[in-house]
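Data from my_file33.txt: compact mmCIF, N, CA, C and O atoms
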# COMPACT_ATOMS: atom_id res chain seq x y z
N MET R 134 64.10 1.64 25.44
CA MET R 134 62.79 2.26 25.33
C MET R 134 61.93 1.46 24.33
O MET R 134 62.46 0.86 23.39
N ILE R 135 60.62 1.47 24.58
CA ILE R 135 59.67 0.82 23.69
C ILE R 135 58.62 1.83 23.26
O ILE R 135 58.35 2.81 23.97
N THR R 136 58.02 1.59 22.12
CA THR R 136 56.93 2.42 21.63
C THR R 136 55.65 1.61 21.69
O THR R 136 55.60 0.48 21.19
N VAL R 137 54.62 2.18 22.34
CA VAL R 137 53.31 1.52 22.44
C VAL R 137 52.24 2.53 22.06
O VAL R 137 52.49 3.74 22.01
N GLU R 138 51.04 2.02 21.84
CA GLU R 138 49.90 2.86 21.50
C GLU R 138 48.80 2.60 22.52
O GLU R 138 48.54 1.45 22.89
N VAL R 139 48.15 3.67 22.99
CA VAL R 139 47.02 3.55 23.91
C VAL R 139 45.80 4.12 23.19
O VAL R 139 45.87 5.23 22.65
N VAL R 140 44.69 3.36 23.19
CA VAL R 140 43.50 3.76 22.43
C VAL R 140 42.26 3.67 23.30
O VAL R 140 42.07 2.70 24.04
N LEU R 141 41.41 4.69 23.19
CA LEU R 141 40.08 4.66 23.79
C LEU R 141 39.11 5.00 22.68
O LEU R 141 39.14 6.12 22.14
N ALA R 142 38.27 4.05 22.27
CA ALA R 142 37.35 4.24 21.15
C ALA R 142 35.96 4.62 21.65
O ALA R 142 35.45 4.05 22.61
N TRP R 143 35.37 5.57 20.96
CA TRP R 143 33.99 6.02 21.20
C TRP R 143 33.20 5.72 19.93
O TRP R 143 33.79 5.44 18.89
N PRO R 144 31.88 5.78 19.97
CA PRO R 144 31.10 5.48 18.76
C PRO R 144 31.46 6.37 17.57
O PRO R 144 31.42 5.94 16.43
N ASP R 145 31.85 7.61 17.83
CA ASP R 145 32.09 8.56 16.74
C ASP R 145 33.55 8.99 16.59
O ASP R 145 33.87 9.79 15.71
N ARG R 146 34.44 8.48 17.44
CA ARG R 146 35.84 8.89 17.35
C ARG R 146 36.71 7.93 18.16
O ARG R 146 36.19 7.09 18.90
N ALA R 147 38.00 8.08 18.03
CA ALA R 147 38.95 7.31 18.84
C ALA R 147 40.06 8.25 19.30
O ALA R 147 40.57 9.05 18.52
N ASP R 148 40.37 8.18 20.59
CA ASP R 148 41.49 8.94 21.14
C ASP R 148 42.69 8.00 21.19
O ASP R 148 42.62 6.94 21.80
N THR R 149 43.76 8.40 20.54
CA THR R 149 44.94 7.55 20.43
C THR R 149 46.18 8.32 20.86
O THR R 149 46.33 9.49 20.52
N ARG R 150 47.04 7.65 21.61
CA ARG R 150 48.32 8.24 22.01
C ARG R 150 49.43 7.24 21.70
O ARG R 150 49.35 6.08 22.09
N ARG R 151 50.46 7.67 21.00
CA ARG R 151 51.65 6.87 20.77
C ARG R 151 52.69 7.33 21.78
O ARG R 151 52.98 8.53 21.86
N LEU R 152 53.21 6.39 22.56
CA LEU R 152 54.10 6.72 23.66
C LEU R 152 55.43 5.99 23.54
O LEU R 152 55.48 4.87 23.04
N THR R 153 56.46 6.62 24.04
CA THR R 153 57.76 5.96 24.21
C THR R 153 57.96 5.81 25.71
O THR R 153 57.97 6.81 26.44
N LEU R 154 58.09 4.57 26.15
CA LEU R 154 58.17 4.25 27.57
C LEU R 154 59.41 3.40 27.85
O LEU R 154 59.96 2.77 26.94
N PRO R 155 59.83 3.33 29.12
CA PRO R 155 60.94 2.43 29.47
C PRO R 155 60.57 0.98 29.18
O PRO R 155 59.39 0.61 29.18
N GLU R 156 61.56 0.15 28.96
CA GLU R 156 61.31 -1.27 28.64
C GLU R 156 60.62 -2.02 29.76
O GLU R 156 60.07 -3.10 29.51
N VAL R 157 60.61 -1.51 30.96
CA VAL R 157 59.95 -2.17 32.09
C VAL R 157 58.55 -1.62 32.33
O VAL R 157 57.97 -1.82 33.39
N ALA R 158 57.96 -0.94 31.36
CA ALA R 158 56.65 -0.31 31.52
C ALA R 158 55.54 -1.36 31.58
O ALA R 158 55.59 -2.39 30.90
N THR R 159 54.52 -1.04 32.36
CA THR R 159 53.34 -1.91 32.49
C THR R 159 52.15 -1.25 31.81
O THR R 159 52.21 -0.08 31.40
N VAL R 160 51.06 -1.99 31.72
CA VAL R 160 49.82 -1.47 31.17
C VAL R 160 49.40 -0.22 31.95
O VAL R 160 49.03 0.80 31.37
N ALA R 161 49.47 -0.29 33.27
CA ALA R 161 49.08 0.85 34.11
C ALA R 161 49.96 2.07 33.82
O ALA R 161 49.47 3.20 33.78
N ASP R 162 51.26 1.85 33.60
CA ASP R 162 52.17 2.95 33.27
C ASP R 162 51.74 3.62 31.97
O ASP R 162 51.74 4.86 31.86
N ALA R 163 51.39 2.83 30.98
CA ALA R 163 50.99 3.37 29.68
C ALA R 163 49.69 4.16 29.79
O ALA R 163 49.57 5.25 29.21
N ILE R 164 48.73 3.65 30.55
CA ILE R 164 47.46 4.35 30.72
C ILE R 164 47.68 5.69 31.41
O ILE R 164 47.14 6.72 31.00
N GLU R 165 48.50 5.68 32.44
CA GLU R 165 48.80 6.92 33.16
C GLU R 165 49.51 7.92 32.26
O GLU R 165 49.17 9.10 32.24
N ALA R 166 50.49 7.47 31.51
CA ALA R 166 51.25 8.37 30.64
C ALA R 166 50.39 8.92 29.51
O ALA R 166 50.58 10.06 29.08
N ALA R 167 49.42 8.14 29.03
CA ALA R 167 48.57 8.59 27.93
C ALA R 167 47.63 9.71 28.36
O ALA R 167 47.32 10.59 27.57
N ALA R 168 47.16 9.66 29.59
CA ALA R 168 46.28 10.70 30.15
C ALA R 168 45.11 11.02 29.22
O ALA R 168 44.83 12.17 28.92
N ILE R 169 44.41 9.99 28.77
CA ILE R 169 43.25 10.17 27.90
C ILE R 169 42.03 10.44 28.75
O ILE R 169 41.74 9.70 29.70
N ASP R 170 41.27 11.51 28.41
CA ASP R 170 40.03 11.80 29.13
C ASP R 170 39.09 10.62 29.03
O ASP R 170 38.88 10.07 27.95
N GLY R 171 38.51 10.20 30.15
CA GLY R 171 37.58 9.09 30.18
C GLY R 171 38.21 7.76 30.52
O GLY R 171 37.50 6.78 30.73
N SER R 172 39.54 7.70 30.60
CA SER R 172 40.18 6.41 30.87
C SER R 172 39.90 5.91 32.28
O SER R 172 39.90 4.70 32.51
N VAL R 173 39.61 6.80 33.20
CA VAL R 173 39.32 6.40 34.58
C VAL R 173 38.03 5.58 34.66
O VAL R 173 37.92 4.68 35.49
N GLU R 174 37.08 5.86 33.77
CA GLU R 174 35.79 5.15 33.80
C GLU R 174 35.85 3.78 33.11
O GLU R 174 34.86 3.05 33.12
N CYS R 175 36.96 3.44 32.52
CA CYS R 175 37.07 2.16 31.80
C CYS R 175 37.30 1.02 32.78
O CYS R 175 38.30 1.01 33.50
N PRO R 176 36.39 0.04 32.80
CA PRO R 176 36.51 -1.06 33.77
C PRO R 176 37.53 -2.12 33.41
O PRO R 176 37.91 -2.93 34.25
N ALA R 177 37.96 -2.15 32.15
CA ALA R 177 38.89 -3.20 31.72
C ALA R 177 39.82 -2.65 30.65
O ALA R 177 39.57 -1.61 30.06
N VAL R 178 40.87 -3.42 30.41
CA VAL R 178 41.86 -3.04 29.40
C VAL R 178 42.31 -4.30 28.67
O VAL R 178 42.30 -5.40 29.23
N ALA R 179 42.66 -4.13 27.40
CA ALA R 179 43.15 -5.24 26.60
C ALA R 179 44.45 -4.83 25.91
O ALA R 179 44.69 -3.65 25.69
N VAL R 180 45.26 -5.82 25.60
CA VAL R 180 46.45 -5.60 24.78
C VAL R 180 46.27 -6.46 23.54
O VAL R 180 46.14 -7.68 23.64
N HIS R 181 46.20 -5.82 22.40
CA HIS R 181 45.93 -6.50 21.13
C HIS R 181 44.67 -7.36 21.22
O HIS R 181 44.64 -8.49 20.73
N GLY R 182 43.63 -6.86 21.88
CA GLY R 182 42.34 -7.55 21.94
C GLY R 182 42.21 -8.61 23.01
O GLY R 182 41.14 -9.20 23.16
N LEU R 183 43.25 -8.86 23.78
CA LEU R 183 43.18 -9.86 24.86
C LEU R 183 43.19 -9.14 26.21
O LEU R 183 44.04 -8.27 26.43
N LEU R 184 42.27 -9.51 27.09
CA LEU R 184 42.20 -8.87 28.40
C LEU R 184 43.57 -8.87 29.07
O LEU R 184 44.31 -9.86 29.01
N ALA R 185 43.87 -7.76 29.72
CA ALA R 185 45.18 -7.61 30.36
C ALA R 185 45.00 -7.05 31.77
O ALA R 185 44.04 -6.34 32.05
N ARG R 186 45.96 -7.36 32.62
CA ARG R 186 45.99 -6.81 33.98
C ARG R 186 46.84 -5.55 33.98
O ARG R 186 47.75 -5.41 33.16
N PRO R 187 46.58 -4.64 34.91
CA PRO R 187 47.37 -3.41 34.98
C PRO R 187 48.86 -3.65 35.17
O PRO R 187 49.68 -2.87 34.71
N ASP R 188 49.23 -4.76 35.83
CA ASP R 188 50.65 -5.02 36.10
C ASP R 188 51.34 -5.81 34.98
O ASP R 188 52.52 -6.14 35.08
N GLN R 189 50.62 -6.06 33.87
CA GLN R 189 51.21 -6.78 32.74
C GLN R 189 52.29 -5.93 32.09
O GLN R 189 52.09 -4.76 31.81
N MET R 190 53.43 -6.55 31.82
CA MET R 190 54.53 -5.86 31.16
C MET R 190 54.20 -5.67 29.67
O MET R 190 53.57 -6.53 29.06
N LEU R 191 54.64 -4.56 29.13
CA LEU R 191 54.41 -4.26 27.72
C LEU R 191 55.65 -4.59 26.90
O LEU R 191 56.76 -4.62 27.42
N ARG R 192 55.42 -4.81 25.61
CA ARG R 192 56.51 -5.06 24.67
C ARG R 192 56.42 -4.06 23.52
O ARG R 192 55.37 -3.44 23.29
N GLU R 193 57.48 -3.93 22.80
CA GLU R 193 57.55 -3.03 21.65
C GLU R 193 56.36 -3.27 20.72
O GLU R 193 56.05 -4.41 20.36
N GLY R 194 55.66 -2.19 20.36
CA GLY R 194 54.56 -2.27 19.41
C GLY R 194 53.22 -2.66 19.98
O GLY R 194 52.24 -2.77 19.24
N ASP R 195 53.12 -2.87 21.29
CA ASP R 195 51.83 -3.26 21.89
C ASP R 195 50.80 -2.15 21.71
O ASP R 195 51.12 -0.96 21.69
N ARG R 196 49.55 -2.58 21.58
CA ARG R 196 48.42 -1.66 21.48
C ARG R 196 47.55 -1.90 22.71
O ARG R 196 46.94 -2.97 22.85
N VAL R 197 47.48 -0.90 23.59
CA VAL R 197 46.70 -0.98 24.81
C VAL R 197 45.33 -0.38 24.51
O VAL R 197 45.22 0.78 24.11
N GLU R 198 44.28 -1.17 24.70
CA GLU R 198 42.92 -0.75 24.37
C GLU R 198 42.12 -0.59 25.66
O GLU R 198 41.95 -1.55 26.42
N LEU R 199 41.66 0.61 25.91
CA LEU R 199 40.81 0.88 27.07
C LEU R 199 39.38 0.49 26.71
O LEU R 199 38.85 0.94 25.69
N LEU R 200 38.78 -0.36 27.52
CA LEU R 200 37.46 -0.90 27.23
C LEU R 200 36.40 -0.17 28.04
O LEU R 200 36.41 -0.20 29.27
N ARG R 201 35.48 0.48 27.34
CA ARG R 201 34.43 1.24 28.00
C ARG R 201 33.37 0.30 28.58
O ARG R 201 33.23 -0.83 28.10
N PRO R 202 32.60 0.77 29.57
CA PRO R 202 31.53 -0.07 30.11
C PRO R 202 30.46 -0.34 29.05
O PRO R 202 30.23 0.50 28.17
N LEU R 203 29.83 -1.49 29.12
CA LEU R 203 28.74 -1.81 28.20
C LEU R 203 27.53 -0.95 28.52
O LEU R 203 27.20 -0.75 29.69
N LEU R 204 26.85 -0.47 27.49
CA LEU R 204 25.64 0.32 27.70
C LEU R 204 24.41 -0.58 27.79
O LEU R 204 23.39 -0.20 28.33
N ALA R 205 24.51 -1.78 27.22
CA ALA R 205 23.40 -2.73 27.24
C ALA R 205 23.98 -4.13 27.42
O ALA R 205 25.09 -4.41 26.98
N ASP R 206 23.22 -4.99 28.02
CA ASP R 206 23.64 -6.37 28.22
C ASP R 206 23.48 -7.13 26.90
O ASP R 206 22.37 -7.22 26.36
N PRO R 207 24.56 -7.67 26.34
CA PRO R 207 24.46 -8.38 25.05
C PRO R 207 23.48 -9.54 25.07
O PRO R 207 22.80 -9.80 24.08
N LYS R 208 23.37 -10.23 26.20
CA LYS R 208 22.42 -11.36 26.29
C LYS R 208 21.00 -10.85 26.16
O LYS R 208 20.17 -11.46 25.48
N ASP R 209 20.68 -9.75 26.84
CA ASP R 209 19.34 -9.18 26.74
C ASP R 209 19.04 -8.74 25.31
O ASP R 209 17.93 -8.93 24.81
N ASN R 210 20.02 -8.14 24.66
CA ASN R 210 19.83 -7.71 23.27
C ASN R 210 19.54 -8.89 22.36
O ASN R 210 18.66 -8.82 21.50
N ARG R 211 20.27 -10.00 22.51
CA ARG R 211 20.04 -11.20 21.69
C ARG R 211 18.64 -11.76 21.94
O ARG R 211 17.94 -12.14 21.00
N ARG R 212 18.24 -11.81 23.22
CA ARG R 212 16.90 -12.33 23.54
C ARG R 212 15.82 -11.45 22.90
O ARG R 212 14.84 -11.96 22.34
N ARG R 213 16.01 -10.15 22.97
CA ARG R 213 15.04 -9.22 22.40
C ARG R 213 14.94 -9.40 20.87
O ARG R 213 13.85 -9.44 20.31
N ARG R 214 16.10 -9.55 20.21
CA ARG R 214 16.10 -9.76 18.76
C ARG R 214 15.45 -11.11 18.40
O ARG R 214 14.72 -11.21 17.42
N ALA R 215 15.72 -12.12 19.21
CA ALA R 215 15.15 -13.45 18.94
C ALA R 215 13.63 -13.41 19.08
O ALA R 215 12.92 -14.01 18.25
N ARG R 216 13.13 -12.73 20.09
CA ARG R 216 11.67 -12.63 20.27
C ARG R 216 11.04 -11.85 19.11
O ARG R 216 9.98 -12.20 18.65
N ALA R 217 11.71 -10.80 18.68
CA ALA R 217 11.15 -9.96 17.61
C ALA R 217 11.15 -10.71 16.27
O ALA R 217 10.26 -10.49 15.45
N GLY R 218 12.09 -11.60 16.06
CA GLY R 218 12.20 -12.34 14.82
C GLY R 218 11.25 -13.52 14.72
O GLY R 218 11.04 -14.08 13.66
N SER R 219 10.67 -13.94 15.85
CA SER R 219 9.81 -15.14 15.84
C SER R 219 8.43 -14.84 15.37
O SER R 219 7.85 -13.86 15.52
Written as structure tokens, how would this file's structure read?
Amino acid sequence: MITVEVVLAWPDRADTRRLTLPEVATVADAIEAAAIDGSVECPAVAVHGLLARPDQMLREGDRVELLRPLLADPKDNRRRRARAGS
């Protein structure tokens, strides 16, 4: 068995689940077992900050991070700040 953590961060809070899973568990298995509200809307997932596929195998101590959709395009935000600063 391995212990992993699944996290979904919001601007004002973070939902975290510490799970004990079989050694053959995948990212998708961890997300399903965590059953965090809002995880279905997450378009991507990372393990320790690196993008991961649902079929990626997990290891002891991994931190699975559910990535929420962007609310604004970062490129547009930079352009807007650059124009305002000129």
Separating atom C of R:Pro155 from atom O of R:Leu191, to the nearest tenth of an Å, is a gap of 7.0 Å
Just the strand (DSSP E or B) stuff from chain R, please, per backbone DSSP, written as an MDAnalysis selection string. chainID R and resid 135:142 147:154 159 177:180 183:185 190 196:200
Contact residues around R:Arg196 with all atoms listed in the file at 4.5 Å, ignoring same-chain residues under 5 positions, as a PDB file with N, CA, C and O atoms, in the coordinates of the input:
ATOM      1  N   GLU R 138      51.040   2.020  21.840  1.00  0.00           N
ATOM      2  CA  GLU R 138      49.900   2.860  21.500  1.00  0.00           C
ATOM      3  C   GLU R 138      48.800   2.600  22.520  1.00  0.00           C
ATOM      4  O   GLU R 138      48.540   1.450  22.890  1.00  0.00           O
ATOM      5  N   ALA R 179      42.660  -4.130  27.400  1.00  0.00           N
ATOM      6  CA  ALA R 179      43.150  -5.240  26.600  1.00  0.00           C
ATOM      7  C   ALA R 179      44.450  -4.830  25.910  1.00  0.00           C
ATOM      8  O   ALA R 179      44.690  -3.650  25.690  1.00  0.00           O
ATOM      9  N   VAL R 180      45.260  -5.820  25.600  1.00  0.00           N
ATOM     10  CA  VAL R 180      46.450  -5.600  24.780  1.00  0.00           C
ATOM     11  C   VAL R 180      46.270  -6.460  23.540  1.00  0.00           C
ATOM     12  O   VAL R 180      46.140  -7.680  23.640  1.00  0.00           O
ATOM     13  N   HIS R 181      46.200  -5.820  22.400  1.00  0.00           N
ATOM     14  CA  HIS R 181      45.930  -6.500  21.130  1.00  0.00           C
ATOM     15  C   HIS R 181      44.670  -7.360  21.220  1.00  0.00           C
ATOM     16  O   HIS R 181      44.640  -8.490  20.730  1.00  0.00           O
TER      17      HIS R 181
END
As an MDAnalysis selection string, please: every residue in chain R that DSSP puts in helix (DSSP H, G or I). chainID R and resid 160:167 172:174 207:218
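Taking atom CA of R:Ile164 and atom CA of R:Leu199 as endpoints, the distance between them is 8.3 Å.
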With 8 Å added on each side, what axis-aligned box encloses every listed atom of stretch 177-182 of chain R? Give the centre and edge lengths in Å to one decimal, as lines of an AutoDock Vina configuration file.
center_x = 42.2
center_y = -5.4
center_z = 26.4
size_x = 24.5
size_y = 23.6
size_z = 27.4
So which residues touch R:Thr153 within 7 Å, counting all atoms listed in the file, skipping near sequence neighbours fewer than 4 positions away, as a VMD selection string? chain R and resid 134 to 137
Please produce a file of those selected residues containing N, CA, C and O atoms, as a PDB file, keeping the file's coordinate frame.
ATOM      1  N   MET R 134      64.100   1.640  25.440  1.00  0.00           N
ATOM      2  CA  MET R 134      62.790   2.260  25.330  1.00  0.00           C
ATOM      3  C   MET R 134      61.930   1.460  24.330  1.00  0.00           C
ATOM      4  O   MET R 134      62.460   0.860  23.390  1.00  0.00           O
ATOM      5  N   ILE R 135      60.620   1.470  24.580  1.00  0.00           N
ATOM      6  CA  ILE R 135      59.670   0.820  23.690  1.00  0.00           C
ATOM      7  C   ILE R 135      58.620   1.830  23.260  1.00  0.00           C
ATOM      8  O   ILE R 135      58.350   2.810  23.970  1.00  0.00           O
ATOM      9  N   THR R 136      58.020   1.590  22.120  1.00  0.00           N
ATOM     10  CA  THR R 136      56.930   2.420  21.630  1.00  0.00           C
ATOM     11  C   THR R 136      55.650   1.610  21.690  1.00  0.00           C
ATOM     12  O   THR R 136      55.600   0.480  21.190  1.00  0.00           O
ATOM     13  N   VAL R 137      54.620   2.180  22.340  1.00  0.00           N
ATOM     14  CA  VAL R 137      53.310   1.520  22.440  1.00  0.00           C
ATOM     15  C   VAL R 137      52.240   2.530  22.060  1.00  0.00           C
ATOM     16  O   VAL R 137      52.490   3.740  22.010  1.00  0.00           O
TER      17      VAL R 137
END
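Note that atom CA of R:Arg186 and atom C of R:Thr149 are 20.0 Å apart.
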In terms of the shortest atom-to-atom distance over all atoms listed in the file, which of R:Arg201, R:Arg192, R:Arg213, R:Arg146 is closest to R:Pro176? R:Arg201
How about completing stretch 186-197 of chain R with all heavy atoms and giving it to me as a short mmCIF file (atom, residue, chain, number, x, y, z; two decimals), in the frame of the given file?
data_model
loop_
_atom_site.label_atom_id
_atom_site.label_comp_id
_atom_site.auth_asym_id
_atom_site.auth_seq_id
_atom_site.Cartn_x
_atom_site.Cartn_y
_atom_site.Cartn_z
N ARG R 186 45.96 -7.36 32.62
CA ARG R 186 45.99 -6.81 33.98
C ARG R 186 46.84 -5.55 33.98
O ARG R 186 47.75 -5.41 33.16
CB ARG R 186 46.57 -7.84 34.94
CG ARG R 186 45.73 -9.08 35.11
CD ARG R 186 46.30 -10.02 36.18
NE ARG R 186 47.74 -9.96 36.32
CZ ARG R 186 48.61 -10.79 35.73
NH1 ARG R 186 48.17 -11.76 34.95
NH2 ARG R 186 49.91 -10.67 35.94
N PRO R 187 46.58 -4.64 34.91
CA PRO R 187 47.37 -3.41 34.98
C PRO R 187 48.86 -3.65 35.17
O PRO R 187 49.68 -2.87 34.71
CB PRO R 187 46.78 -2.67 36.18
CG PRO R 187 45.40 -3.20 36.33
CD PRO R 187 45.47 -4.63 35.87
N ASP R 188 49.23 -4.76 35.83
CA ASP R 188 50.65 -5.02 36.10
C ASP R 188 51.34 -5.81 34.98
O ASP R 188 52.52 -6.14 35.08
CB ASP R 188 50.83 -5.74 37.43
CG ASP R 188 50.16 -7.10 37.46
OD1 ASP R 188 49.33 -7.40 36.58
OD2 ASP R 188 50.45 -7.87 38.39
N GLN R 189 50.62 -6.06 33.87
CA GLN R 189 51.21 -6.78 32.74
C GLN R 189 52.29 -5.93 32.09
O GLN R 189 52.09 -4.76 31.81
CB GLN R 189 50.13 -7.13 31.72
CG GLN R 189 50.65 -7.86 30.51
CD GLN R 189 49.53 -8.28 29.59
OE1 GLN R 189 48.47 -8.68 30.03
NE2 GLN R 189 49.76 -8.17 28.29
N MET R 190 53.43 -6.55 31.82
CA MET R 190 54.53 -5.86 31.16
C MET R 190 54.20 -5.67 29.67
O MET R 190 53.57 -6.53 29.06
CB MET R 190 55.83 -6.66 31.29
CG MET R 190 56.29 -6.88 32.71
SD MET R 190 56.67 -5.37 33.60
CE MET R 190 58.10 -4.84 32.71
N LEU R 191 54.64 -4.56 29.13
CA LEU R 191 54.41 -4.26 27.72
C LEU R 191 55.65 -4.59 26.90
O LEU R 191 56.76 -4.62 27.42
CB LEU R 191 54.05 -2.79 27.54
CG LEU R 191 52.72 -2.37 28.15
CD1 LEU R 191 52.55 -0.87 28.08
CD2 LEU R 191 51.57 -3.07 27.45
N ARG R 192 55.42 -4.81 25.61
CA ARG R 192 56.51 -5.06 24.67
C ARG R 192 56.42 -4.06 23.52
O ARG R 192 55.37 -3.44 23.29
CB ARG R 192 56.42 -6.49 24.11
CG ARG R 192 56.64 -7.53 25.19
CD ARG R 192 56.60 -8.91 24.61
NE ARG R 192 55.22 -9.18 24.19
CZ ARG R 192 54.80 -10.35 23.73
NH1 ARG R 192 55.64 -11.34 23.59
NH2 ARG R 192 53.56 -10.52 23.38
N GLU R 193 57.48 -3.93 22.80
CA GLU R 193 57.55 -3.03 21.65
C GLU R 193 56.36 -3.27 20.72
O GLU R 193 56.05 -4.41 20.36
CB GLU R 193 58.85 -3.25 20.88
CG GLU R 193 58.98 -2.47 19.60
CD GLU R 193 59.06 -0.96 19.82
OE1 GLU R 193 59.57 -0.53 20.88
OE2 GLU R 193 58.60 -0.23 18.93
N GLY R 194 55.66 -2.19 20.36
CA GLY R 194 54.56 -2.27 19.41
C GLY R 194 53.22 -2.66 19.98
O GLY R 194 52.24 -2.77 19.24
N ASP R 195 53.12 -2.87 21.29
CA ASP R 195 51.83 -3.26 21.89
C ASP R 195 50.80 -2.15 21.71
O ASP R 195 51.12 -0.96 21.69
CB ASP R 195 51.98 -3.57 23.38
CG ASP R 195 52.44 -5.00 23.64
OD1 ASP R 195 52.46 -5.81 22.69
OD2 ASP R 195 52.77 -5.30 24.81
N ARG R 196 49.55 -2.58 21.58
CA ARG R 196 48.42 -1.66 21.48
C ARG R 196 47.55 -1.90 22.71
O ARG R 196 46.94 -2.97 22.85
CB ARG R 196 47.63 -1.93 20.20
CG ARG R 196 46.40 -1.07 20.03
CD ARG R 196 45.67 -1.49 18.75
NE ARG R 196 44.36 -0.92 18.67
CZ ARG R 196 44.07 0.17 17.95
NH1 ARG R 196 45.01 0.76 17.26
NH2 ARG R 196 42.84 0.62 17.93
N VAL R 197 47.48 -0.90 23.59
CA VAL R 197 46.70 -0.98 24.81
C VAL R 197 45.33 -0.38 24.51
O VAL R 197 45.22 0.78 24.11
CB VAL R 197 47.39 -0.22 25.96
CG1 VAL R 197 46.54 -0.26 27.22
CG2 VAL R 197 48.78 -0.79 26.21
#
